[in-house]
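See below for upload11.txt, which holds compact mmCIF, C-alpha atoms.
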```
# COMPACT_ATOMS: atom_id res chain seq x y z
CA MET A 1 -73.16 138.68 163.96
CA PRO A 2 -72.20 134.99 163.68
CA ALA A 3 -68.82 133.75 164.85
CA THR A 4 -66.08 131.93 162.94
CA VAL A 5 -64.13 128.93 164.24
CA VAL A 6 -60.64 127.95 163.11
CA VAL A 7 -59.84 124.32 163.87
CA GLY A 8 -57.02 121.92 163.02
CA THR A 9 -58.03 118.86 161.01
CA GLN A 10 -55.07 116.59 161.75
CA TRP A 11 -52.84 116.04 164.82
CA GLY A 12 -51.91 119.68 165.26
CA ASP A 13 -49.08 121.79 163.85
CA GLU A 14 -51.08 122.41 160.67
CA GLY A 15 -50.24 126.11 160.55
CA LYS A 16 -53.40 127.34 162.32
CA GLY A 17 -51.55 130.36 163.68
CA LYS A 18 -50.84 131.74 160.22
CA PHE A 19 -54.40 131.32 158.99
CA THR A 20 -55.91 132.51 162.26
CA ASP A 21 -53.77 135.62 161.93
CA LEU A 22 -54.86 136.00 158.31
CA VAL A 23 -58.56 135.72 159.11
CA ALA A 24 -58.17 137.81 162.27
CA LYS A 25 -57.67 141.04 160.36
CA GLU A 26 -61.41 140.91 159.59
CA MET A 27 -62.28 140.37 163.28
CA HIS A 28 -62.84 142.50 166.35
CA MET A 29 -62.25 139.77 168.93
CA VAL A 30 -60.22 136.54 168.92
CA VAL A 31 -61.04 133.98 171.60
CA ARG A 32 -58.84 131.01 172.49
CA TYR A 33 -61.29 128.35 173.67
CA GLN A 34 -59.30 125.34 174.98
CA GLY A 35 -55.89 123.85 175.69
CA GLY A 36 -52.96 125.37 177.51
CA HIS A 37 -49.36 126.33 176.95
CA ASN A 38 -48.58 122.91 175.51
CA ALA A 39 -49.62 124.16 172.07
CA GLY A 40 -47.72 126.73 170.05
CA HIS A 41 -48.80 128.97 167.17
CA THR A 42 -46.08 130.46 164.99
CA ILE A 43 -46.77 133.66 163.04
CA VAL A 44 -44.29 135.45 160.79
CA VAL A 45 -44.95 139.16 160.19
CA GLU A 46 -42.56 141.25 158.09
CA GLY A 47 -39.70 138.89 158.83
CA GLU A 48 -40.38 138.72 162.57
CA THR A 49 -41.39 135.38 164.06
CA PHE A 50 -43.81 135.22 166.99
CA ALA A 51 -44.22 131.90 168.79
CA LEU A 52 -47.39 132.12 170.88
CA GLN A 53 -48.50 129.55 173.45
CA LEU A 54 -51.37 131.14 175.36
CA VAL A 55 -52.03 134.62 174.00
CA PRO A 56 -54.52 134.48 171.07
CA SER A 57 -53.13 135.17 167.61
CA GLY A 58 -55.20 138.34 167.25
CA VAL A 59 -52.94 140.21 169.69
CA LEU A 60 -50.79 141.27 166.74
CA TYR A 61 -53.59 143.54 165.46
CA ASP A 62 -54.24 146.82 167.26
CA HIS A 63 -58.00 146.69 166.66
CA ILE A 64 -58.58 143.24 168.18
CA THR A 65 -59.46 142.26 171.74
CA PRO A 66 -57.66 138.97 172.47
CA VAL A 67 -59.48 136.74 174.95
CA ILE A 68 -58.42 133.59 176.80
CA GLY A 69 -61.70 131.75 177.33
CA ASN A 70 -63.02 129.66 180.18
CA GLY A 71 -62.07 126.40 178.46
CA VAL A 72 -58.35 127.16 178.60
CA VAL A 73 -56.04 126.08 181.43
CA VAL A 74 -53.68 128.90 182.33
CA HIS A 75 -50.08 128.69 183.48
CA PRO A 76 -49.52 132.18 184.94
CA ALA A 77 -45.74 132.25 184.61
CA THR A 78 -45.93 131.31 180.92
CA LEU A 79 -48.70 133.82 180.25
CA LEU A 80 -46.79 136.69 181.86
CA ALA A 81 -43.53 135.73 180.15
CA GLU A 82 -45.36 135.76 176.83
CA VAL A 83 -46.86 139.16 177.57
CA ASP A 84 -43.39 140.46 178.46
CA MET A 85 -41.96 139.07 175.22
CA LEU A 86 -44.68 140.68 173.13
CA THR A 87 -44.43 144.00 174.96
CA SER A 88 -40.66 144.09 174.49
CA ARG A 89 -41.26 143.73 170.76
CA GLY A 90 -43.71 146.60 170.58
CA ILE A 91 -46.98 144.63 170.80
CA ASP A 92 -49.67 146.18 173.01
CA CYS A 93 -51.10 143.53 175.36
CA SER A 94 -53.28 145.88 177.40
CA ARG A 95 -56.42 144.62 175.64
CA LEU A 96 -55.80 140.99 176.66
CA ARG A 97 -58.51 139.49 178.88
CA VAL A 98 -58.54 136.16 180.74
CA SER A 99 -61.71 134.37 181.81
CA GLY A 100 -62.23 134.19 185.55
CA ASN A 101 -63.62 130.69 184.97
CA ALA A 102 -60.45 129.38 183.32
CA HIS A 103 -58.57 126.90 185.49
CA LEU A 104 -55.08 127.47 186.85
CA ILE A 105 -52.20 125.11 186.22
CA MET A 106 -50.46 124.60 189.56
CA PRO A 107 -46.93 123.36 190.31
CA TYR A 108 -48.28 120.02 191.54
CA HIS A 109 -50.00 119.50 188.17
CA GLU A 110 -46.66 119.77 186.36
CA GLU A 111 -45.01 117.43 188.83
CA LEU A 112 -47.78 114.85 188.50
CA ASP A 113 -47.62 115.05 184.71
CA THR A 114 -43.88 114.33 184.73
CA LEU A 115 -44.14 111.51 187.29
CA THR A 116 -47.05 109.83 185.50
CA GLU A 117 -45.24 109.80 182.15
CA ARG A 118 -42.17 108.29 183.84
CA TRP A 119 -44.30 105.67 185.57
CA LEU A 120 -45.99 104.67 182.28
CA GLY A 121 -42.59 103.87 180.75
CA LYS A 122 -42.88 102.48 177.22
CA ASN A 123 -46.65 103.10 177.37
CA ARG A 124 -46.22 106.81 177.99
CA LEU A 125 -48.54 109.14 176.11
CA GLY A 126 -45.90 111.60 174.97
CA THR A 127 -47.30 114.61 176.82
CA THR A 128 -45.36 117.85 177.04
CA LYS A 129 -45.29 117.42 180.86
CA SER A 130 -46.86 120.87 181.16
CA GLY A 131 -49.50 119.85 183.71
CA ILE A 132 -52.36 120.14 181.22
CA GLY A 133 -53.90 116.70 181.81
CA PRO A 134 -53.78 116.82 185.64
CA THR A 135 -55.34 120.31 185.57
CA TYR A 136 -58.26 119.17 183.43
CA ALA A 137 -58.58 116.08 185.67
CA ASP A 138 -58.92 118.31 188.74
CA LYS A 139 -61.44 120.42 186.86
CA ALA A 140 -63.53 117.31 186.16
CA THR A 141 -63.31 116.13 189.78
CA ARG A 142 -64.19 119.66 190.96
CA VAL A 143 -61.09 120.32 193.02
CA GLY A 144 -59.44 122.75 190.59
CA LEU A 145 -58.52 126.33 191.31
CA ARG A 146 -59.80 128.93 188.86
CA VAL A 147 -58.39 132.25 187.77
CA GLN A 148 -61.11 134.06 189.71
CA ASP A 149 -59.89 132.41 192.94
CA LEU A 150 -56.84 134.65 192.75
CA LEU A 151 -59.12 137.60 193.53
CA ASP A 152 -59.99 136.20 196.98
CA ALA A 153 -56.90 135.21 198.97
CA LYS A 154 -58.94 133.48 201.67
CA ILE A 155 -60.79 131.29 199.18
CA PHE A 156 -57.58 130.58 197.28
CA ARG A 157 -55.79 129.34 200.41
CA GLU A 158 -58.76 127.27 201.58
CA LYS A 159 -59.06 125.51 198.23
CA LEU A 160 -55.30 125.05 197.99
CA ASP A 161 -55.06 123.51 201.44
CA ILE A 162 -57.85 121.04 200.65
CA VAL A 163 -56.36 119.86 197.36
CA LEU A 164 -52.83 119.59 198.77
CA LYS A 165 -53.98 117.16 201.44
CA GLU A 166 -54.71 114.69 198.65
CA LYS A 167 -51.82 115.61 196.36
CA ASN A 168 -49.19 115.41 199.10
CA ARG A 169 -50.42 111.97 200.13
CA ILE A 170 -49.96 110.85 196.52
CA PHE A 171 -46.50 112.38 196.32
CA ALA A 172 -45.41 110.72 199.56
CA LYS A 173 -47.00 107.28 199.29
CA VAL A 174 -46.94 106.64 195.54
CA TYR A 175 -43.90 108.53 194.31
CA ASN A 176 -41.81 108.91 197.50
CA ARG A 177 -41.64 112.67 196.97
CA LEU A 178 -41.50 115.55 199.44
CA PRO A 179 -44.74 117.46 200.05
CA VAL A 180 -45.59 120.60 198.12
CA SER A 181 -45.70 123.79 200.21
CA ALA A 182 -48.94 125.76 200.18
CA ASP A 183 -47.08 128.84 201.41
CA ASP A 184 -44.67 128.71 198.47
CA ILE A 185 -47.48 128.37 195.96
CA ALA A 186 -49.54 131.15 197.53
CA GLY A 187 -46.50 133.40 197.52
CA HIS A 188 -46.06 133.01 193.78
CA TYR A 189 -49.71 133.07 192.76
CA LEU A 190 -51.06 135.76 195.09
CA ASP A 191 -48.03 137.98 195.58
CA GLU A 192 -46.27 137.64 192.23
CA TYR A 193 -48.87 136.72 189.59
CA LEU A 194 -52.06 138.38 190.84
CA PRO A 195 -50.82 142.00 190.71
CA ARG A 196 -50.09 141.59 187.02
CA MET A 197 -52.96 139.30 186.06
CA GLY A 198 -55.63 141.11 188.05
CA PRO A 199 -56.39 143.75 185.37
CA MET A 200 -56.74 140.98 182.76
CA ILE A 201 -59.37 138.94 184.62
CA ALA A 202 -62.87 139.40 183.23
CA ASP A 203 -66.30 137.92 182.60
CA THR A 204 -65.33 136.87 179.09
CA VAL A 205 -68.66 135.17 178.32
CA SER A 206 -70.39 138.53 178.65
CA MET A 207 -67.65 140.17 176.60
CA VAL A 208 -68.11 137.70 173.75
CA HIS A 209 -71.90 138.07 173.72
CA GLU A 210 -71.72 141.84 173.88
CA ALA A 211 -69.43 141.77 170.85
CA LEU A 212 -71.77 139.42 168.95
CA ASP A 213 -74.83 141.50 169.89
CA ALA A 214 -73.05 144.63 168.65
CA GLY A 215 -72.48 143.00 165.26
CA SER A 216 -68.74 142.58 165.77
CA ASN A 217 -66.81 139.77 164.12
CA VAL A 218 -65.63 137.15 166.61
CA LEU A 219 -63.08 134.44 165.85
CA LEU A 220 -62.91 131.35 168.05
CA GLU A 221 -59.42 129.86 167.96
CA GLY A 222 -58.61 126.29 168.93
CA ALA A 223 -55.32 124.76 169.94
CA GLN A 224 -54.14 121.26 168.99
CA ALA A 225 -56.52 119.62 166.49
CA THR A 226 -59.36 117.23 165.72
CA PHE A 227 -57.46 113.98 166.16
CA LEU A 228 -56.06 115.10 169.48
CA ASP A 229 -59.60 115.68 170.77
CA LEU A 230 -60.34 113.86 174.03
CA ASP A 231 -63.52 112.28 172.63
CA HIS A 232 -62.84 112.02 168.92
CA GLY A 233 -59.08 111.69 168.63
CA THR A 234 -56.77 108.68 168.62
CA TYR A 235 -57.35 107.96 172.30
CA PRO A 236 -55.40 107.68 174.61
CA TYR A 237 -52.82 109.58 172.55
CA VAL A 238 -54.83 112.79 172.74
CA THR A 239 -55.00 116.02 174.66
CA SER A 240 -57.27 116.56 177.68
CA SER A 241 -59.79 118.95 176.13
CA ASN A 242 -61.99 119.28 173.04
CA PRO A 243 -60.29 121.12 170.17
CA VAL A 244 -63.17 120.29 167.78
CA ALA A 245 -65.49 123.11 166.76
CA GLY A 246 -68.09 122.00 169.31
CA GLY A 247 -65.50 122.70 172.00
CA ALA A 248 -65.63 126.35 170.97
CA CYS A 249 -69.17 126.53 172.33
CA THR A 250 -68.30 125.31 175.81
CA GLY A 251 -64.83 126.84 175.88
CA ALA A 252 -65.97 130.34 174.93
CA GLY A 253 -69.52 130.27 176.26
CA VAL A 254 -71.55 130.55 173.06
CA GLY A 255 -74.29 128.39 171.58
CA PRO A 256 -73.99 126.67 168.19
CA ARG A 257 -76.42 129.09 166.53
CA HIS A 258 -73.77 131.79 166.91
CA ILE A 259 -71.36 129.94 164.61
CA ASP A 260 -71.86 129.94 160.85
CA ARG A 261 -68.34 129.45 159.49
CA VAL A 262 -65.84 126.75 160.40
CA ILE A 263 -62.45 126.90 158.72
CA GLY A 264 -60.52 123.65 158.86
CA VAL A 265 -56.76 123.98 158.57
CA ALA A 266 -54.79 121.11 157.07
CA LYS A 267 -51.29 120.98 155.68
CA GLY A 268 -50.13 119.21 152.56
CA TYR A 269 -48.68 116.36 154.59
CA LEU A 270 -49.21 115.09 158.14
CA THR A 271 -47.25 115.32 161.37
CA ARG A 272 -47.76 114.18 164.89
CA VAL A 273 -45.77 114.40 168.11
CA GLY A 274 -45.47 111.48 170.49
CA SER A 275 -47.04 108.06 170.30
CA GLY A 276 -50.15 106.79 168.54
CA PRO A 277 -51.33 105.35 165.22
CA PHE A 278 -50.17 107.01 162.00
CA PRO A 279 -51.32 105.11 158.86
CA THR A 280 -49.42 107.25 156.31
CA GLU A 281 -46.21 107.68 158.30
CA MET A 282 -42.97 108.06 156.32
CA HIS A 283 -39.73 106.44 157.42
CA GLY A 284 -36.04 106.59 156.61
CA GLU A 285 -34.44 109.08 154.24
CA GLU A 286 -37.79 110.26 152.87
CA ALA A 287 -38.96 111.25 156.36
CA ASP A 288 -35.62 112.80 157.30
CA ARG A 289 -35.66 114.95 154.17
CA LEU A 290 -39.13 116.35 154.85
CA ILE A 291 -38.46 116.94 158.55
CA GLU A 292 -35.28 118.89 157.88
CA TRP A 293 -36.65 120.83 154.90
CA ALA A 294 -39.94 121.70 156.62
CA GLY A 295 -38.41 122.31 160.06
CA GLU A 296 -40.77 119.86 161.70
CA PHE A 297 -39.74 120.34 165.30
CA GLY A 298 -42.17 121.31 168.07
CA THR A 299 -42.75 125.04 168.68
CA VAL A 300 -42.98 124.45 172.44
CA THR A 301 -40.87 121.34 173.05
CA GLY A 302 -38.44 121.30 170.14
CA ARG A 303 -39.22 117.60 169.68
CA ARG A 304 -38.82 116.05 166.24
CA ARG A 305 -42.22 115.38 164.72
CA ARG A 306 -43.27 112.24 162.91
CA VAL A 307 -44.25 112.93 159.29
CA GLY A 308 -46.48 111.25 156.72
CA TRP A 309 -48.34 111.68 153.44
CA PHE A 310 -51.65 113.53 153.22
CA ASP A 311 -54.56 111.50 154.60
CA VAL A 312 -57.98 112.16 153.02
CA PRO A 313 -59.94 109.74 155.28
CA MET A 314 -58.81 111.81 158.26
CA LEU A 315 -59.90 115.01 156.54
CA ARG A 316 -63.31 113.51 155.72
CA GLN A 317 -63.78 112.61 159.38
CA ALA A 318 -62.66 116.07 160.50
CA ILE A 319 -65.21 117.65 158.15
CA ARG A 320 -67.93 115.52 159.76
CA LEU A 321 -66.90 116.22 163.34
CA ASN A 322 -66.50 119.98 162.93
CA SER A 323 -69.12 120.86 160.26
CA ILE A 324 -66.24 122.38 158.33
CA SER A 325 -67.39 124.79 155.64
CA GLU A 326 -64.03 125.37 153.95
CA VAL A 327 -60.41 124.27 154.17
CA ALA A 328 -57.17 126.23 154.28
CA LEU A 329 -54.30 124.05 153.05
CA ALA A 330 -50.98 125.05 154.57
CA LYS A 331 -47.33 124.43 153.80
CA ILE A 332 -47.66 122.96 150.32
CA ASP A 333 -44.37 124.74 149.59
CA LYS A 334 -42.69 122.18 151.86
CA LEU A 335 -43.41 119.51 149.24
CA ASP A 336 -41.25 121.25 146.63
CA GLN A 337 -38.47 118.68 147.08
CA PHE A 338 -40.36 115.57 145.96
CA ASP A 339 -40.48 114.06 142.48
CA VAL A 340 -43.55 111.99 143.39
CA LEU A 341 -46.25 112.87 145.91
CA LYS A 342 -48.68 110.49 147.57
CA VAL A 343 -52.21 111.17 148.79
CA CYS A 344 -53.99 108.53 150.86
CA VAL A 345 -57.58 108.32 149.56
CA ALA A 346 -58.77 105.31 151.58
CA TYR A 347 -57.67 102.57 153.97
CA GLU A 348 -57.83 98.80 153.58
CA TYR A 349 -57.97 96.18 156.31
CA GLU A 350 -58.81 92.48 155.96
CA GLY A 351 -60.39 93.00 152.55
CA LYS A 352 -62.55 95.94 153.61
CA ARG A 353 -62.09 99.46 152.23
CA TYR A 354 -62.57 102.43 154.57
CA GLN A 355 -63.43 105.95 153.47
CA TYR A 356 -63.20 107.14 157.07
CA PRO A 357 -60.91 106.02 159.92
CA PRO A 358 -62.30 102.85 161.56
CA TYR A 359 -63.64 103.52 165.01
CA HIS A 360 -61.86 100.56 166.64
CA GLN A 361 -58.30 101.34 167.62
CA SER A 362 -57.01 97.85 166.80
CA GLU A 363 -58.12 98.25 163.20
CA LEU A 364 -56.75 101.78 162.90
CA HIS A 365 -53.32 100.56 164.00
CA LYS A 366 -53.35 97.92 161.22
CA VAL A 367 -54.95 99.62 158.22
CA ARG A 368 -53.03 99.92 154.96
CA PRO A 369 -53.22 103.28 153.18
CA VAL A 370 -54.46 103.31 149.59
CA TYR A 371 -52.47 105.94 147.71
CA GLU A 372 -52.96 108.05 144.62
CA GLU A 373 -49.58 109.12 143.25
CA LEU A 374 -49.01 112.44 141.51
CA PRO A 375 -45.93 114.03 139.95
CA GLY A 376 -44.21 116.61 142.13
CA TRP A 377 -43.58 120.13 140.91
CA ARG A 378 -39.96 120.70 141.94
CA THR A 379 -40.65 124.44 141.83
CA ASP A 380 -40.34 127.10 144.52
CA LEU A 381 -43.90 128.21 145.32
CA SER A 382 -43.00 130.89 147.87
CA ASP A 383 -43.50 133.85 145.51
CA ALA A 384 -46.88 132.73 144.16
CA GLU A 385 -49.68 135.21 144.77
CA GLN A 386 -52.27 134.04 142.23
CA VAL A 387 -53.45 130.53 141.43
CA GLU A 388 -52.22 131.00 137.86
CA GLN A 389 -48.67 131.25 139.20
CA LEU A 390 -48.83 127.73 140.63
CA PRO A 391 -47.50 124.88 138.49
CA ASP A 392 -50.10 122.48 137.10
CA GLN A 393 -48.83 119.71 139.37
CA ALA A 394 -49.50 121.80 142.48
CA ARG A 395 -52.99 122.65 141.29
CA ASP A 396 -53.68 118.99 140.53
CA PHE A 397 -52.55 118.07 144.05
CA VAL A 398 -55.00 120.54 145.58
CA LYS A 399 -57.82 119.51 143.23
CA LEU A 400 -57.40 115.85 144.17
CA ILE A 401 -57.68 116.57 147.89
CA SER A 402 -60.68 118.86 147.38
CA ALA A 403 -62.48 116.34 145.17
CA GLU A 404 -61.79 113.34 147.40
CA ALA A 405 -62.82 115.19 150.58
CA ARG A 406 -65.74 116.96 148.85
CA ILE A 407 -64.83 120.30 150.41
CA PRO A 408 -63.78 123.66 148.89
CA ILE A 409 -60.18 124.71 149.53
CA HIS A 410 -60.13 128.50 149.63
CA LEU A 411 -56.63 129.31 150.87
CA LEU A 412 -53.19 127.85 150.21
CA GLY A 413 -50.15 128.54 152.34
CA VAL A 414 -46.96 128.85 150.29
CA GLY A 415 -44.59 130.15 152.95
CA PRO A 416 -44.38 131.14 156.62
CA SER A 417 -44.98 134.88 156.30
CA ARG A 418 -48.35 136.56 156.70
CA HIS A 419 -48.45 137.55 153.00
CA GLN A 420 -47.44 134.14 151.61
CA PHE A 421 -50.78 132.65 150.63
CA VAL A 422 -52.90 132.13 147.53
CA HIS A 423 -56.65 132.71 147.39
CA LEU A 424 -58.58 130.10 145.41
CA SER A 425 -62.03 130.85 143.98
```

Would you encode the structure as structure tokens?
Amino acid sequence: MPATVVVGTQWGDEGKGKFTDLVAKEMHMVVRYQGGHNAGHTIVVEGETFALQLVPSGVLYDHITPVIGNGVVVHPATLLAEVDMLTSRGIDCSRLRVSGNAHLIMPYHEELDTLTERWLGKNRLGTTKSGIGPTYADKATRVGLRVQDLLDAKIFREKLDIVLKEKNRIFAKVYNRLPVSADDIAGHYLDEYLPRMGPMIADTVSMVHEALDAGSNVLLEGAQATFLDLDHGTYPYVTSSNPVAGGACTGAGVGPRHIDRVIGVAKGYLTRVGSGPFPTEMHGEEADRLIEWAGEFGTVTGRRRRVGWFDVPMLRQAIRLNSISEVALAKIDKLDQFDVLKVCVAYEYEGKRYQYPPYHQSELHKVRPVYEELPGWRTDLSDAEQVEQLPDQARDFVKLISAEARIPIHLLGVGPSRHQFVHLS
């Protein structure tokens, strides 16, 4: 049975959690394939809000096996706190499995993340200081510790001692910091985390393939989004992994022939956190109004997000990069407050018109958005269940995006709850 990928098409915070949860009811397994606890998914079920950072969205369904794949970097304390939160609210987490090949976020990764951002000053990247980047860096330089290392205390200590020789030299000579204690780390990871994480650790690649071979439906869930991708995003203002659909192959351990459906999630406007180019960014009262009305503050950090009008060139590029087969358009209800809506359909720079974002960063920083303007609907969409219940202006907004991006839009989000969506033909 082929797998389905859900991927963000913008700079994250598109509402992937809601649509992943919606699609997940048809699945038997949901696999998170990259990222760490720097990304949050918010799901509202029967009035209850669940903010998930590491545990896959499918955990809320009793019939699903939630899997944290090898491409994820795992912060044990956050994972266990999330499991405790879910358990306290009646959610069974006993089915959760964590890849033995996933890398561990260590205390020195968090410290390095914080120190590096401080050192960069005005050129800082705007990371969440969660240790994600340094963990992926150690993975690439082959000095990282993996989840499976917890199962062998001798190996864990040997690897830890080797990596701390380098890290402690950096702390002392570059940042004038005290050394990190291997004994303290081992005490937390081996004595505190391992007893609880041990039953979760598994060969998740085999699990995924056994599910596919059995004809089960498998959903591959990304964190962050296309334009935060390390290779294809607005570098260097990106994450340290590959959220694009191709990252699902490496991060979950499947080949591309196993994937036949890629759902791209966008929302009816754009947001991003931290620094980086943003051609359609709003400013002033207009931005303040949308941020407050839409609650555009980070799930994990609480940081105020930057907001902007919908950007079709970005969506076109996301469709290319991910082989997106359909789009789910989230949070169009958050546009209820506007008399006039704008949709960017192209960019212009030095007399040239761009249908896709220019590859050179200097041009992307300077492009001028070309807008189509549409009348707003000034109507509460939250109770809509059928497309016929949407005002003509809302339908025209969706049709314009679909036509300009040349992609079918099959789902519309009209509110935060699981049931607040509209199916389009």

Taking all listed atoms of region 325-329 of chain A, build the axis-aligned box, pad each of the six sides by 3 Å, then write its centre and edge lengths in Å to one decimal as JSON.
```
{"center_x": -60.8, "center_y": 125.1, "center_z": 154.3, "size_x": 19.1, "size_y": 8.2, "size_z": 8.6}
```

Could you pull the residues within 10 Å of Gly47 (chain A), counting only C-alpha atoms, minus those fewer than 5 positions along the same chain, as a PDB file with C-alpha atoms, in the frame of the given file?
```pdb
ATOM      1  CA  PRO A 416     -44.380 131.140 156.620  1.00  0.00           C
ATOM      2  CA  SER A 417     -44.980 134.880 156.300  1.00  0.00           C
ATOM      3  CA  ARG A 418     -48.350 136.560 156.700  1.00  0.00           C
TER       4      ARG A 418
END
```

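Counting from CA of Thr234 (chain A), the distance to CA of Thr271 (chain A) is 13.7 Å.
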
Using only C-alpha atoms, what residues lie at most 10 Å away from (-52.7, 113.3, 186.5) (file coordinates), given as a short mmCIF file (atom, residue, chain, number, x, y, z; two decimals) with C-alpha atoms, in the coordinates of the input?
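Below is the file that was written, part.cif:
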```cif
data_model
loop_
_atom_site.label_atom_id
_atom_site.label_comp_id
_atom_site.auth_asym_id
_atom_site.auth_seq_id
_atom_site.Cartn_x
_atom_site.Cartn_y
_atom_site.Cartn_z
CA TYR A 108 -48.28 120.02 191.54
CA HIS A 109 -50.00 119.50 188.17
CA GLU A 110 -46.66 119.77 186.36
CA GLU A 111 -45.01 117.43 188.83
CA LEU A 112 -47.78 114.85 188.50
CA ASP A 113 -47.62 115.05 184.71
CA THR A 114 -43.88 114.33 184.73
CA LEU A 115 -44.14 111.51 187.29
CA THR A 116 -47.05 109.83 185.50
CA GLU A 117 -45.24 109.80 182.15
CA GLY A 131 -49.50 119.85 183.71
CA ILE A 132 -52.36 120.14 181.22
CA GLY A 133 -53.90 116.70 181.81
CA PRO A 134 -53.78 116.82 185.64
CA THR A 135 -55.34 120.31 185.57
CA TYR A 136 -58.26 119.17 183.43
CA ALA A 137 -58.58 116.08 185.67
CA ASP A 138 -58.92 118.31 188.74
#
```

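When all atoms listed in the file are used to measure the gap to Val422 (chain A), the shortest distance among A:Cys249, A:Leu22, A:Met197, A:Leu228 belongs to A:Leu22.
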
For the atom pair CA of Cys93 (chain A) and CA of Gly144 (chain A), what is the interatomic distance in Å to one decimal place?
-> 27.1 Å

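The shortest atom-to-atom distance to Arg368 (chain A), with only C-alpha atoms taken into account, belongs to A:Pro279 out of A:Pro76, A:Pro279, A:Pro408, A:Gly302.
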
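Excluding Thr20 (chain A) itself and same-chain residues fewer than 5 positions from it, the residues having an atom within 10 Å of it are Val5, Val6, Val7, Gly15, Lys25, Val30, His41, Ile43, Pro56, Ser57, Gly58, Leu219, Leu220, Glu221, Gly222, Ile263 and Val265 of chain A, counting all atoms listed in the file.
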
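Note that the spacing between CA of Ala330 (chain A) and CA of Gln224 (chain A) amounts to 15.2 Å.
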
Listing only residues of region 45-144 of chain A within 12 Å of region 204-210 of chain A, what is the closest atom pair and its distance in Å (to one decimal) for each, using all atoms listed in the file, sorted by chain and residue number ascending, as a tab-separated table?
```
residue	atom	partner	partner_atom	distance
A:Thr65	CA	A:Met207	CA	9.8
A:Pro66	CA	A:Thr204	CA	10.3
A:Val67	CA	A:Thr204	CA	7.2
A:Ile68	CA	A:Thr204	CA	8.0
A:Gly69	CA	A:Thr204	CA	6.5
A:Asn70	CA	A:Thr204	CA	7.6
A:Gly71	CA	A:Val205	CA	11.0
A:Val72	CA	A:Thr204	CA	12.0
A:Leu96	CA	A:Thr204	CA	10.7
A:Arg97	CA	A:Thr204	CA	7.3
A:Val98	CA	A:Thr204	CA	7.0
A:Ser99	CA	A:Thr204	CA	5.2
A:Gly100	CA	A:Thr204	CA	7.7
A:Asn101	CA	A:Thr204	CA	8.7
A:Ala102	CA	A:Thr204	CA	9.9
```

Near Asp213 (chain A), counting all atoms listed in the file, which residues have an atom at most 12 Å away, once you skip same-chain residues fewer than 6 positions from it, shown as a ChimeraX atom specification?
-> /A:1-3,206-207,254,258

For Tyr354 (chain A), list every protein, DNA or RNA residue within 10 Å, evaluated using only C-alpha atoms, and leave out those in the same chain fewer than 2 positions away; present the list as a VMD selection string.
-> chain A and resid 313 345 to 349 351 to 352 356 to 358 367 to 370

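Shortest separation to Ala252 (chain A) among A:Asp84, A:Gly413, A:Lys18, A:Tyr33 occurs at residue A:Tyr33, atoms counted being all atoms listed in the file.
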
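Across A:Ala211, A:Thr4, A:Ile105, A:Gln148, the tightest approach to Arg257 (chain A) is made by A:Thr4 when counting all atoms listed in the file.
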
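Shortest atom-to-atom contact with Phe19 (chain A) among A:Leu390, A:Asn176, A:Ala266, A:Gly36: A:Ala266, counting all atoms listed in the file.
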
Within 9 Å of Leu329 (chain A), counting all atoms listed in the file, which residues qualify if same-chain residues fewer than 2 places away don't, as an MDAnalysis selection string?
-> chainID A and resid 14:15 264:268 327 331:332 398 409:413

Which residues, protein or nucleic acid, reach to within 12 Å of (-41.8, 111.3, 155.9) in the file's coordinates when using all atoms listed in the file, and can you give that as a PyMOL selection string?
-> chain A and resi 268-272+278-294+296+304-310+334-335+337-338+341-342

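Between Glu48 (chain A) and the candidates A:Leu151, A:Leu190, A:Ile401, A:Leu86, the tightest atom-to-atom separation, counting all atoms listed in the file, involves A:Leu86.
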